[in-house]
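Peer 1: This is the content of final.txt (compact mmCIF, C-alpha atoms):
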# COMPACT_ATOMS: atom_id res chain seq x y z
CA MET A 1 54.02 -69.31 -24.14
CA SER A 2 51.84 -71.28 -26.39
CA TRP A 3 48.65 -69.17 -25.89
CA ARG A 4 50.27 -65.97 -27.15
CA HIS A 5 49.61 -66.90 -30.68
CA GLY A 6 46.48 -68.87 -30.19
CA SER A 7 43.22 -68.32 -28.37
CA ARG A 8 43.36 -67.56 -24.65
CA PRO A 9 42.52 -70.29 -22.23
CA ALA A 10 38.95 -70.02 -20.98
CA THR A 11 40.07 -69.25 -17.42
CA LEU A 12 42.04 -66.19 -18.56
CA ARG A 13 39.43 -64.66 -20.84
CA ARG A 14 38.34 -61.22 -19.69
CA ARG A 15 34.94 -61.46 -18.05
CA ARG A 16 32.50 -58.94 -19.48
CA PHE A 17 29.25 -57.90 -17.93
CA ARG A 18 26.61 -58.76 -20.41
CA ILE A 19 22.90 -58.17 -20.11
CA GLY A 20 20.12 -59.12 -22.42
CA CYS A 21 17.38 -56.94 -23.86
CA LEU A 22 14.62 -58.38 -21.72
CA PRO A 23 16.29 -57.74 -18.36
CA LEU A 24 17.19 -54.23 -19.55
CA LEU A 25 13.58 -53.59 -20.49
CA ALA A 26 12.46 -54.96 -17.15
CA ILE A 27 14.81 -52.56 -15.32
CA ILE A 28 13.49 -49.58 -17.28
CA VAL A 29 9.88 -50.58 -16.66
CA ALA A 30 10.61 -51.05 -12.96
CA ALA A 31 12.24 -47.60 -12.77
CA VAL A 32 9.26 -45.97 -14.50
CA VAL A 33 6.82 -47.78 -12.19
CA LEU A 34 8.87 -46.63 -9.17
CA ILE A 35 8.92 -42.98 -10.32
CA VAL A 36 5.18 -43.01 -11.03
CA ALA A 37 4.50 -44.63 -7.69
CA ILE A 38 6.54 -41.97 -5.89
CA ALA A 39 4.86 -39.15 -7.83
CA LEU A 40 1.35 -40.51 -7.25
CA ARG A 41 1.74 -41.75 -3.71
CA PRO A 42 -1.15 -40.64 -1.50
CA ARG A 43 -0.32 -37.44 0.32
CA ALA A 44 -2.30 -35.18 2.57
CA LEU A 45 -3.27 -32.06 0.63
CA PRO A 46 -2.83 -28.68 2.32
CA GLN A 47 -5.94 -27.88 4.26
CA PRO A 48 -7.42 -24.36 4.35
CA GLU A 49 -6.51 -22.54 7.50
CA SER A 50 -8.68 -19.90 9.02
CA ILE A 51 -6.89 -16.62 9.60
CA ALA A 52 -7.91 -14.56 12.55
CA ALA A 53 -9.82 -11.51 11.33
CA VAL A 54 -8.05 -9.30 13.81
CA PRO A 55 -4.58 -10.07 15.09
CA PRO A 56 -4.34 -10.45 18.84
CA LYS A 57 -3.62 -7.16 20.47
CA GLY A 58 -1.96 -6.32 23.69
CA GLU A 59 -3.80 -4.95 26.64
CA VAL A 60 -5.83 -1.87 25.81
CA ALA A 61 -4.29 1.24 27.30
CA HIS A 62 -6.76 3.38 29.19
CA LEU A 63 -6.74 7.06 29.97
CA ARG A 64 -7.21 8.32 33.51
CA PRO A 65 -10.77 9.60 34.01
CA VAL A 66 -11.16 13.32 34.56
CA ALA A 67 -12.62 12.69 38.04
CA SER A 68 -9.32 11.22 39.20
CA PHE A 69 -7.69 14.65 38.80
CA ALA A 70 -10.10 16.32 41.24
CA SER A 71 -7.79 15.50 44.13
CA ILE A 72 -5.17 17.90 42.73
CA GLY A 73 -5.96 21.08 44.61
CA ASP A 74 -3.78 23.54 42.72
CA PRO A 75 -5.69 24.50 39.52
CA GLU A 76 -2.49 25.05 37.54
CA ALA A 77 -1.08 21.68 38.59
CA ARG A 78 -4.41 20.04 37.77
CA SER A 79 -4.46 21.64 34.31
CA LEU A 80 -0.91 20.51 33.63
CA ALA A 81 -1.72 16.99 34.80
CA LEU A 82 -4.79 16.84 32.57
CA PHE A 83 -2.75 17.91 29.55
CA ALA A 84 0.02 15.46 30.36
CA GLU A 85 -2.54 12.65 30.34
CA ALA A 86 -4.03 13.93 27.05
CA GLY A 87 -0.47 14.05 25.74
CA ARG A 88 -0.39 10.25 25.76
CA VAL A 89 -2.83 10.49 22.87
CA ILE A 90 -1.37 13.58 21.20
CA GLN A 91 2.10 12.05 21.07
CA HIS A 92 0.90 8.60 20.03
CA PRO A 93 2.11 7.51 16.56
CA ARG A 94 -1.51 7.29 15.32
CA CYS A 95 -1.72 11.08 15.77
CA MET A 96 1.88 12.12 15.17
CA ASN A 97 2.16 10.29 11.84
CA CYS A 98 -0.26 12.79 10.28
CA HIS A 99 1.33 15.83 11.94
CA PRO A 100 4.77 15.60 10.26
CA ARG A 101 7.33 18.38 10.44
CA ASN A 102 7.76 18.36 6.65
CA ASP A 103 5.72 17.41 3.60
CA ARG A 104 6.01 13.66 4.09
CA PRO A 105 3.79 11.64 6.41
CA THR A 106 5.24 8.87 8.52
CA GLN A 107 3.68 5.51 9.23
CA THR A 108 3.68 2.53 11.61
CA ASP A 109 4.37 2.68 15.33
CA ALA A 110 8.03 3.26 14.41
CA MET A 111 6.97 6.43 12.57
CA ARG A 112 9.10 5.62 9.55
CA PRO A 113 8.71 7.65 6.34
CA HIS A 114 5.62 6.76 4.32
CA VAL A 115 6.08 4.16 1.61
CA PRO A 116 5.61 4.92 -1.23
CA TRP A 117 7.16 8.37 -1.29
CA VAL A 118 4.29 10.83 -1.12
CA SER A 119 4.01 14.55 -0.48
CA ARG A 120 1.28 16.64 1.14
CA GLY A 121 0.49 18.65 -2.00
CA PRO A 122 -1.44 21.92 -2.08
CA ASP A 123 -4.40 20.72 0.01
CA ASP A 124 -2.58 18.29 2.37
CA ALA A 125 -4.27 15.35 0.58
CA GLY A 126 -1.42 14.59 -1.79
CA GLU A 127 0.06 15.95 -4.99
CA PRO A 128 -2.40 16.15 -7.90
CA THR A 129 -0.43 13.37 -9.58
CA LEU A 130 -0.38 11.08 -6.53
CA ARG A 131 -3.33 11.74 -4.27
CA CYS A 132 -3.85 10.07 -0.90
CA SER A 133 -7.02 8.63 -2.49
CA THR A 134 -4.87 6.63 -4.89
CA CYS A 135 -4.67 4.09 -2.07
CA HIS A 136 -6.70 5.39 0.91
CA HIS A 137 -10.47 5.34 0.69
CA ALA A 138 -13.48 5.93 2.94
CA ALA A 139 -12.68 3.20 5.46
CA ASN A 140 -9.99 0.77 6.54
CA PHE A 141 -9.80 -2.02 3.96
CA ASP A 142 -8.97 -5.37 5.50
CA ALA A 143 -8.19 -7.09 2.19
CA SER A 144 -5.18 -4.86 1.52
CA GLY A 145 -4.53 -3.60 5.05
CA VAL A 146 -4.66 -0.01 3.80
CA PRO A 147 -6.24 2.34 6.35
CA GLY A 148 -8.86 4.84 5.29
CA ASN A 149 -11.27 7.56 6.29
CA THR A 150 -13.46 9.95 4.33
CA LYS A 151 -11.30 12.90 5.48
CA TRP A 152 -7.91 11.23 4.99
CA LYS A 153 -5.24 13.94 4.77
CA LEU A 154 -2.34 15.46 6.65
CA ALA A 155 -2.57 18.17 9.25
CA PRO A 156 -1.44 21.51 7.78
CA ILE A 157 2.26 22.23 8.12
CA GLU A 158 1.45 24.95 10.71
CA MET A 159 0.18 22.13 12.90
CA ALA A 160 3.38 20.09 12.69
CA TRP A 161 3.91 18.17 15.94
CA GLN A 162 6.79 15.87 15.15
CA GLY A 163 10.05 16.93 16.73
CA LYS A 164 8.32 19.20 19.24
CA SER A 165 7.95 18.84 22.98
CA LEU A 166 4.52 18.47 24.53
CA GLY A 167 4.79 22.05 25.77
CA GLU A 168 5.56 23.34 22.29
CA ILE A 169 2.64 21.38 20.86
CA CYS A 170 0.40 22.77 23.58
CA ARG A 171 1.28 26.40 22.87
CA GLN A 172 0.88 25.77 19.15
CA MET A 173 -2.59 24.29 19.67
CA LEU A 174 -3.67 27.35 21.63
CA ASP A 175 -2.33 29.77 19.00
CA PRO A 176 -5.13 30.34 16.44
CA ALA A 177 -2.57 31.66 13.95
CA ARG A 178 -1.00 28.21 13.79
CA SER A 179 -3.84 25.87 14.71
CA HIS A 180 -6.48 27.79 12.74
CA MET A 181 -8.85 26.95 15.60
CA ASP A 182 -10.31 28.82 18.52
CA ARG A 183 -10.86 26.85 21.71
CA PRO A 184 -14.37 25.55 20.89
CA ALA A 185 -13.11 24.42 17.49
CA LEU A 186 -10.08 22.82 19.13
CA LEU A 187 -12.32 20.89 21.52
CA HIS A 188 -14.51 19.78 18.62
CA HIS A 189 -11.46 18.63 16.67
CA MET A 190 -10.18 16.54 19.54
CA ALA A 191 -13.48 15.20 20.86
CA GLU A 192 -15.60 14.72 17.76
CA ASP A 193 -13.60 14.95 14.53
CA GLU A 194 -14.06 11.81 12.49
CA LEU A 195 -10.49 11.61 11.23
CA VAL A 196 -9.12 12.14 14.75
CA GLY A 197 -11.49 9.37 15.85
CA TRP A 198 -9.79 7.00 13.40
CA ALA A 199 -6.83 6.92 15.81
CA TRP A 200 -8.88 4.67 18.10
CA HIS A 201 -10.02 2.40 15.26
CA PRO A 202 -6.98 2.14 13.01
CA GLY A 203 -7.57 -1.43 11.84
CA GLY A 204 -4.97 -4.00 10.87
CA LYS A 205 -1.96 -4.41 13.11
CA ARG A 206 -1.86 -0.73 14.03
CA SER A 207 -2.02 -0.04 17.75
CA PRO A 208 -4.86 2.33 18.66
CA ALA A 209 -4.39 5.52 20.63
CA PRO A 210 -4.90 5.06 24.38
CA GLY A 211 -8.42 5.13 25.81
CA THR A 212 -11.32 6.33 23.72
CA GLN A 213 -12.09 9.54 21.88
CA VAL A 214 -14.79 10.28 24.48
CA GLU A 215 -12.27 9.95 27.33
CA PHE A 216 -9.75 12.05 25.40
CA GLY A 217 -12.35 14.71 24.64
CA ALA A 218 -13.29 14.86 28.32
CA LEU A 219 -9.63 15.41 29.24
CA ILE A 220 -9.25 18.22 26.69
CA LYS A 221 -12.50 19.83 27.86
CA ALA A 222 -11.41 19.67 31.50
CA TRP A 223 -7.97 21.02 30.57
CA LEU A 224 -9.47 23.99 28.69
CA GLU A 225 -11.84 24.71 31.60
CA SER A 226 -8.99 24.54 34.08
CA GLY A 227 -7.07 27.33 32.37
CA ALA A 228 -5.39 25.40 29.55
CA ARG A 229 -1.94 25.47 31.10
CA CYS A 230 0.98 24.28 29.01
CA PRO A 231 4.08 22.40 30.21
CA SER A 232 7.22 24.49 30.08
CA MET B 233 -24.73 -8.45 -3.34
CA SER B 234 -25.13 -6.93 -6.78
CA TYR B 235 -23.13 -3.94 -8.00
CA GLN B 236 -23.12 -1.95 -11.22
CA LEU B 237 -19.63 -1.44 -12.61
CA VAL B 238 -18.75 0.51 -15.74
CA VAL B 239 -15.44 -0.77 -17.06
CA ASN B 240 -13.94 0.51 -20.29
CA GLY B 241 -17.30 1.96 -21.29
CA ARG B 242 -19.27 -1.22 -20.76
CA ALA B 243 -21.72 -1.68 -17.90
CA HIS B 244 -21.52 -4.89 -15.91
CA ARG B 245 -23.69 -6.33 -13.16
CA ILE B 246 -21.31 -7.89 -10.63
CA GLU B 247 -22.53 -10.40 -8.04
CA GLU B 248 -19.73 -10.33 -5.49
CA ASP B 249 -19.08 -9.37 -1.90
CA GLY B 250 -18.76 -5.60 -1.64
CA GLN B 251 -15.41 -5.97 0.11
CA THR B 252 -13.88 -7.78 -2.86
CA PRO B 253 -10.92 -5.79 -4.19
CA LEU B 254 -11.69 -4.31 -7.60
CA LEU B 255 -8.55 -6.02 -8.90
CA TRP B 256 -10.09 -9.47 -8.51
CA VAL B 257 -13.35 -8.40 -10.09
CA LEU B 258 -11.40 -7.14 -13.11
CA ARG B 259 -9.18 -10.18 -13.40
CA ASP B 260 -11.36 -13.08 -12.28
CA THR B 261 -14.88 -11.94 -13.10
CA LEU B 262 -14.35 -9.75 -16.16
CA HIS B 263 -11.16 -11.53 -17.31
CA LEU B 264 -9.32 -8.25 -17.88
CA THR B 265 -5.96 -9.66 -16.95
CA GLY B 266 -3.87 -6.76 -18.20
CA THR B 267 -4.14 -5.28 -14.71
CA LYS B 268 -1.62 -7.17 -12.60
CA TYR B 269 -1.52 -8.43 -9.04
CA GLY B 270 1.82 -7.42 -7.59
CA CYS B 271 1.70 -7.05 -3.83
CA GLY B 272 -1.96 -6.75 -2.85
CA ILE B 273 -1.19 -4.05 -0.28
CA ALA B 274 -0.97 -0.93 -2.44
CA GLN B 275 2.82 -0.83 -2.33
CA CYS B 276 3.84 -1.61 -5.90
CA GLY B 277 1.33 0.01 -8.29
CA ALA B 278 1.07 -2.96 -10.68
CA CYS B 279 -2.72 -2.96 -10.27
CA THR B 280 -3.23 0.72 -11.16
CA VAL B 281 -6.43 1.59 -13.05
CA HIS B 282 -8.25 4.87 -13.64
CA VAL B 283 -11.35 5.54 -11.57
CA GLU B 284 -13.12 8.68 -12.76
CA GLY B 285 -9.83 9.61 -14.40
CA GLN B 286 -7.79 9.29 -11.21
CA PRO B 287 -5.13 6.58 -10.95
CA MET B 288 -6.03 4.17 -8.16
CA ARG B 289 -4.64 0.89 -6.85
CA SER B 290 -7.36 -1.63 -7.61
CA CYS B 291 -6.04 -4.03 -4.96
CA SER B 292 -7.01 -1.59 -2.22
CA LEU B 293 -10.29 -0.40 -3.72
CA PRO B 294 -13.38 -2.28 -2.50
CA LEU B 295 -15.97 -3.17 -5.12
CA GLU B 296 -18.66 -1.32 -3.17
CA THR B 297 -16.57 1.89 -3.36
CA ALA B 298 -15.80 1.49 -7.06
CA ALA B 299 -19.42 0.73 -7.97
CA GLY B 300 -21.00 3.36 -10.15
CA SER B 301 -17.67 4.88 -11.17
CA GLN B 302 -16.18 5.00 -14.65
CA ILE B 303 -13.24 2.60 -14.62
CA VAL B 304 -10.62 2.35 -17.33
CA THR B 305 -8.03 -0.40 -17.49
CA ILE B 306 -4.90 -0.88 -19.57
CA GLU B 307 -6.98 -2.74 -22.17
CA ALA B 308 -8.86 0.42 -23.13
CA VAL B 309 -6.81 3.42 -22.06
CA ALA B 310 -6.77 5.75 -25.03
CA GLY B 311 -6.16 9.30 -26.15
CA ALA B 312 -3.25 11.46 -27.21
CA GLU B 313 -1.26 10.76 -24.04
CA ALA B 314 -1.78 7.01 -24.24
CA ASP B 315 -0.81 6.94 -27.93
CA ALA B 316 2.30 9.03 -27.30
CA LEU B 317 3.31 6.86 -24.36
CA ARG B 318 2.79 3.65 -26.31
CA ALA B 319 5.03 4.93 -29.10
CA ALA B 320 7.66 6.13 -26.65
CA TRP B 321 7.56 2.84 -24.75
CA VAL B 322 8.21 0.92 -27.95
CA LYS B 323 10.91 3.31 -29.13
CA ARG B 324 12.75 3.17 -25.81
CA ASP B 325 12.10 -0.56 -25.41
CA VAL B 326 11.12 0.22 -21.86
CA PRO B 327 9.90 -3.08 -20.42
CA GLN B 328 12.23 -5.77 -19.24
CA CYS B 329 10.09 -8.50 -17.66
CA GLY B 330 7.05 -6.30 -18.26
CA PHE B 331 4.98 -7.29 -15.24
CA CYS B 332 4.68 -3.78 -13.78
CA GLN B 333 4.30 -2.01 -17.09
CA SER B 334 0.51 -1.79 -17.29
CA GLY B 335 0.53 -0.02 -13.94
CA GLN B 336 3.40 2.22 -15.06
CA ILE B 337 1.52 3.21 -18.21
CA MET B 338 -1.70 3.96 -16.33
CA SER B 339 0.14 6.23 -13.89
CA ALA B 340 2.09 7.87 -16.72
CA VAL B 341 -1.10 8.61 -18.69
CA ALA B 342 -2.66 10.22 -15.63
CA LEU B 343 0.52 12.26 -15.08
CA LEU B 344 0.58 13.62 -18.65
CA ARG B 345 -3.11 14.54 -18.43
CA ILE B 346 -2.38 16.65 -15.36
CA LYS B 347 1.10 17.86 -16.30
CA PRO B 348 1.63 17.75 -20.08
CA SER B 349 5.30 18.78 -19.72
CA PRO B 350 6.50 17.17 -16.52
CA SER B 351 9.92 17.76 -15.04
CA ASP B 352 12.06 14.96 -13.67
CA HIS B 353 10.78 15.93 -10.24
CA ASP B 354 7.15 15.71 -11.39
CA ILE B 355 7.77 12.29 -12.91
CA ASP B 356 9.53 11.01 -9.80
CA HIS B 357 6.66 12.27 -7.65
CA ALA B 358 3.89 10.85 -9.79
CA MET B 359 5.56 7.51 -10.46
CA SER B 360 6.98 6.89 -6.99
CA GLY B 361 4.17 4.47 -6.19
CA ASN B 362 4.98 2.26 -9.17
CA ILE B 363 7.79 -0.14 -8.45
CA CYS B 364 9.77 -1.92 -11.17
CA ARG B 365 11.80 -4.89 -9.96
CA CYS B 366 13.82 -4.78 -13.19
CA ALA B 367 14.72 -1.16 -12.37
CA THR B 368 13.70 0.27 -15.73
CA TYR B 369 13.15 3.64 -14.05
CA ASN B 370 15.55 5.58 -16.25
CA ARG B 371 13.87 4.30 -19.41
CA ILE B 372 10.43 5.00 -17.96
CA ARG B 373 11.41 8.57 -17.18
CA ALA B 374 12.99 9.06 -20.61
CA ALA B 375 9.93 7.61 -22.35
CA ILE B 376 7.60 9.92 -20.44
CA HIS B 377 9.73 12.89 -21.54
CA ASP B 378 9.61 11.57 -25.12
CA ALA B 379 5.85 11.21 -24.96
CA ALA B 380 5.45 14.71 -23.55
CA GLN B 381 7.40 16.10 -26.51
CA SER B 382 5.75 13.93 -29.15
CA PRO B 383 3.62 15.63 -31.85
CA SER B 384 0.36 14.02 -30.72
CA SER B 385 0.86 15.04 -27.14
CA ALA B 386 2.07 18.52 -28.17
CA ALA B 387 -1.05 18.99 -30.32
CA LYS B 388 -3.16 18.25 -27.26
CA LYS B 389 -1.29 20.91 -25.28
CA ALA B 390 -1.89 23.48 -28.00
Translate the structure of the given file into structure tokens.
Peer 2:
Amino acid sequence: MSWRHGSRPATLRRRRFRIGCLPLLAIIVAAVVLIVAIALRPRALPQPESIAAVPPKGEVAHLRPVASFASIGDPEARSLALFAEAGRVIQHPRCMNCHPRNDRPTQTDAMRPHVPWVSRGPDDAGEPTLRCSTCHHAANFDASGVPGNTKWKLAPIEMAWQGKSLGEICRQMLDPARSHMDRPALLHHMAEDELVGWAWHPGGKRSPAPGTQVEFGALIKAWLESGARCPS
Amino acid sequence: MSYQLVVNGRAHRIEEDGQTPLLWVLRDTLHLTGTKYGCGIAQCGACTVHVEGQPMRSCSLPLETAAGSQIVTIEAVAGAEADALRAAWVKRDVPQCGFCQSGQIMSAVALLRIKPSPSDHDIDHAMSGNICRCATYNRIRAAIHDAAQSPSSAAKKA
């Protein structure tokens, strides 16, 4: 064939894509303009949202008033019924968490072991190297969610409630050797103690103990006056 | 409201809400950024400072409670224990990312001031509130033992 040794015919020349400098520059400029336009396109900025100061809580649980037990004629049955109602507070996590069976408090409604790992120490307010006051102060602190009270500490190990039945707790409370309290002191602890009162004002997402400390104190007073019977 | 705060030996007049966590007063108002924000809920210990010599989590300490107290941060912690710990930290190359380390040091200084020769158990107890996401716990424990046995710390004990 004659074109083997000469130049190729124009129709058979390989077509090459060729582009000039100006179109190339125009493409680059267009790409940059597109990227900038995407980056700077008007967008709605995140708006501040108000956070509810207190999370919504379920219905407040009430305690039965002492007067409602008057219909129980048998004094022993009435005393047992009064203590059973008070037991709704005694066995509530807000109370039980600070009456652990060992040296570690529990926390939350699930009563899981306290995080971080802490121990009651010699005075029930933490080891000297990691005191309760490292985190807990005079009042609940909303900013961190850490609860607090001026008397923040564990109940002594002799007053351990966790793992015990309501009857066992009852007999322990009435035994001064273990509770370190006579009956007037026991009533004061339940009805007026500031740290016990925290159980009804725990702050954060913690569920409060049922009723009020006044209602609870009235139940304990009526129970003591009715013979302070304990469940078997 | 106005509060008097003594930080690292210097008195400051702070105009903030009394419920402001001490951590934010230290970092944002006084620009002492060595104290770190880790969790904000007293779970990690990165924000530990000394208040009247006691280690405390500054994220859960309201300004109104801290007011009037002597506060020491990582920028100014000093003394035989701090010197020994600094040397041990360097020798053991303790930090990895380093974010939790100011809190670790503050808790370790407080530990050595209370227990100059701590056991492993003592260290685990005292440092359990200081979390390290890089898991440098073994080096931290070893460095605390080193510091407890260092000449400067031993001189203090004697």
Peer 1: Residues near range 215-218 of chain A, anyone? I mean within 6 Å using only C-alpha atoms, not counting same-chain ones fewer than 2 positions away, as a PDB file with C-alpha atoms, in the frame of the given file.
Peer 2:
ATOM      1  CA  MET A 190     -10.180  16.540  19.540  1.00  0.00           C
ATOM      2  CA  ALA A 191     -13.480  15.200  20.860  1.00  0.00           C
ATOM      3  CA  THR A 212     -11.320   6.330  23.720  1.00  0.00           C
ATOM      4  CA  GLN A 213     -12.090   9.540  21.880  1.00  0.00           C
ATOM      5  CA  ILE A 220      -9.250  18.220  26.690  1.00  0.00           C
ATOM      6  CA  LYS A 221     -12.500  19.830  27.860  1.00  0.00           C
TER       7      LYS A 221
END
Peer 1: Determine the nearest neighbour of chain B from the options A:Gly126, A:Pro93, A:Gly20, A:Gly197, counting only C-alpha atoms.
Peer 2: A:Gly126
Peer 1: Mind dumping a table of every chain A residue within 9 Å of chain B, with the nearest atom pair and its distance in Å to one decimal, using only C-alpha atoms, sorted by chain and rising number, as JSON lines?
Peer 2:
{"residue": "A:Val115", "atom": "CA", "partner": "B:Gln275", "partner_atom": "CA", "distance": 7.1}
{"residue": "A:Pro116", "atom": "CA", "partner": "B:Gly361", "partner_atom": "CA", "distance": 5.2}
{"residue": "A:Trp117", "atom": "CA", "partner": "B:Ser360", "partner_atom": "CA", "distance": 5.9}
{"residue": "A:Val118", "atom": "CA", "partner": "B:His357", "partner_atom": "CA", "distance": 7.1}
{"residue": "A:Ser119", "atom": "CA", "partner": "B:His357", "partner_atom": "CA", "distance": 8.0}
{"residue": "A:Glu127", "atom": "CA", "partner": "B:Ala358", "partner_atom": "CA", "distance": 8.0}
{"residue": "A:Pro128", "atom": "CA", "partner": "B:Ile346", "partner_atom": "CA", "distance": 7.5}
{"residue": "A:Thr129", "atom": "CA", "partner": "B:Ala358", "partner_atom": "CA", "distance": 5.0}
{"residue": "A:Leu130", "atom": "CA", "partner": "B:Ala358", "partner_atom": "CA", "distance": 5.4}
{"residue": "A:Arg131", "atom": "CA", "partner": "B:Gln286", "partner_atom": "CA", "distance": 8.6}
{"residue": "A:Ser133", "atom": "CA", "partner": "B:Met288", "partner_atom": "CA", "distance": 7.3}
{"residue": "A:Thr134", "atom": "CA", "partner": "B:Met288", "partner_atom": "CA", "distance": 4.3}
{"residue": "A:Cys135", "atom": "CA", "partner": "B:Arg289", "partner_atom": "CA", "distance": 5.8}
{"residue": "A:His136", "atom": "CA", "partner": "B:Ser292", "partner_atom": "CA", "distance": 7.7}
{"residue": "A:His137", "atom": "CA", "partner": "B:Leu293", "partner_atom": "CA", "distance": 7.2}
{"residue": "A:Ala138", "atom": "CA", "partner": "B:Thr297", "partner_atom": "CA", "distance": 8.1}
{"residue": "A:Phe141", "atom": "CA", "partner": "B:Ser292", "partner_atom": "CA", "distance": 6.8}
{"residue": "A:Asp142", "atom": "CA", "partner": "B:Gln251", "partner_atom": "CA", "distance": 8.4}
{"residue": "A:Ala143", "atom": "CA", "partner": "B:Pro253", "partner_atom": "CA", "distance": 7.1}
{"residue": "A:Ser144", "atom": "CA", "partner": "B:Ile273", "partner_atom": "CA", "distance": 4.5}
{"residue": "A:Gly145", "atom": "CA", "partner": "B:Ile273", "partner_atom": "CA", "distance": 6.3}
{"residue": "A:Val146", "atom": "CA", "partner": "B:Ser292", "partner_atom": "CA", "distance": 6.7}
Peer 1: Point out the residue among A:Leu187, A:Thr108, A:Pro48, A:Ala61 with the least atom-to-atom distance to Gly203 in chain A, counting only C-alpha atoms.
Peer 2: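 Counting only C-alpha atoms, the residue closest to Gly203 in chain A is A:Thr108.
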Peer 1: For Pro105 in chain A, please output as a compact mmCIF listing (two decimals) with C-alpha atoms, in the frame of the given file all residues within 10 Å (counting only C-alpha atoms; exclusion window: fewer than 6 positions along the same chain).
Peer 2:
# COMPACT_ATOMS: atom_id res chain seq x y z
CA MET A 96 1.88 12.12 15.17
CA ASN A 97 2.16 10.29 11.84
CA CYS A 98 -0.26 12.79 10.28
CA HIS A 99 1.33 15.83 11.94
CA MET A 111 6.97 6.43 12.57
CA ARG A 112 9.10 5.62 9.55
CA PRO A 113 8.71 7.65 6.34
CA HIS A 114 5.62 6.76 4.32
CA VAL A 115 6.08 4.16 1.61
CA TRP A 117 7.16 8.37 -1.29
CA VAL A 118 4.29 10.83 -1.12
CA SER A 119 4.01 14.55 -0.48
CA ARG A 120 1.28 16.64 1.14
CA LYS A 153 -5.24 13.94 4.77
CA LEU A 154 -2.34 15.46 6.65
CA ALA A 155 -2.57 18.17 9.25
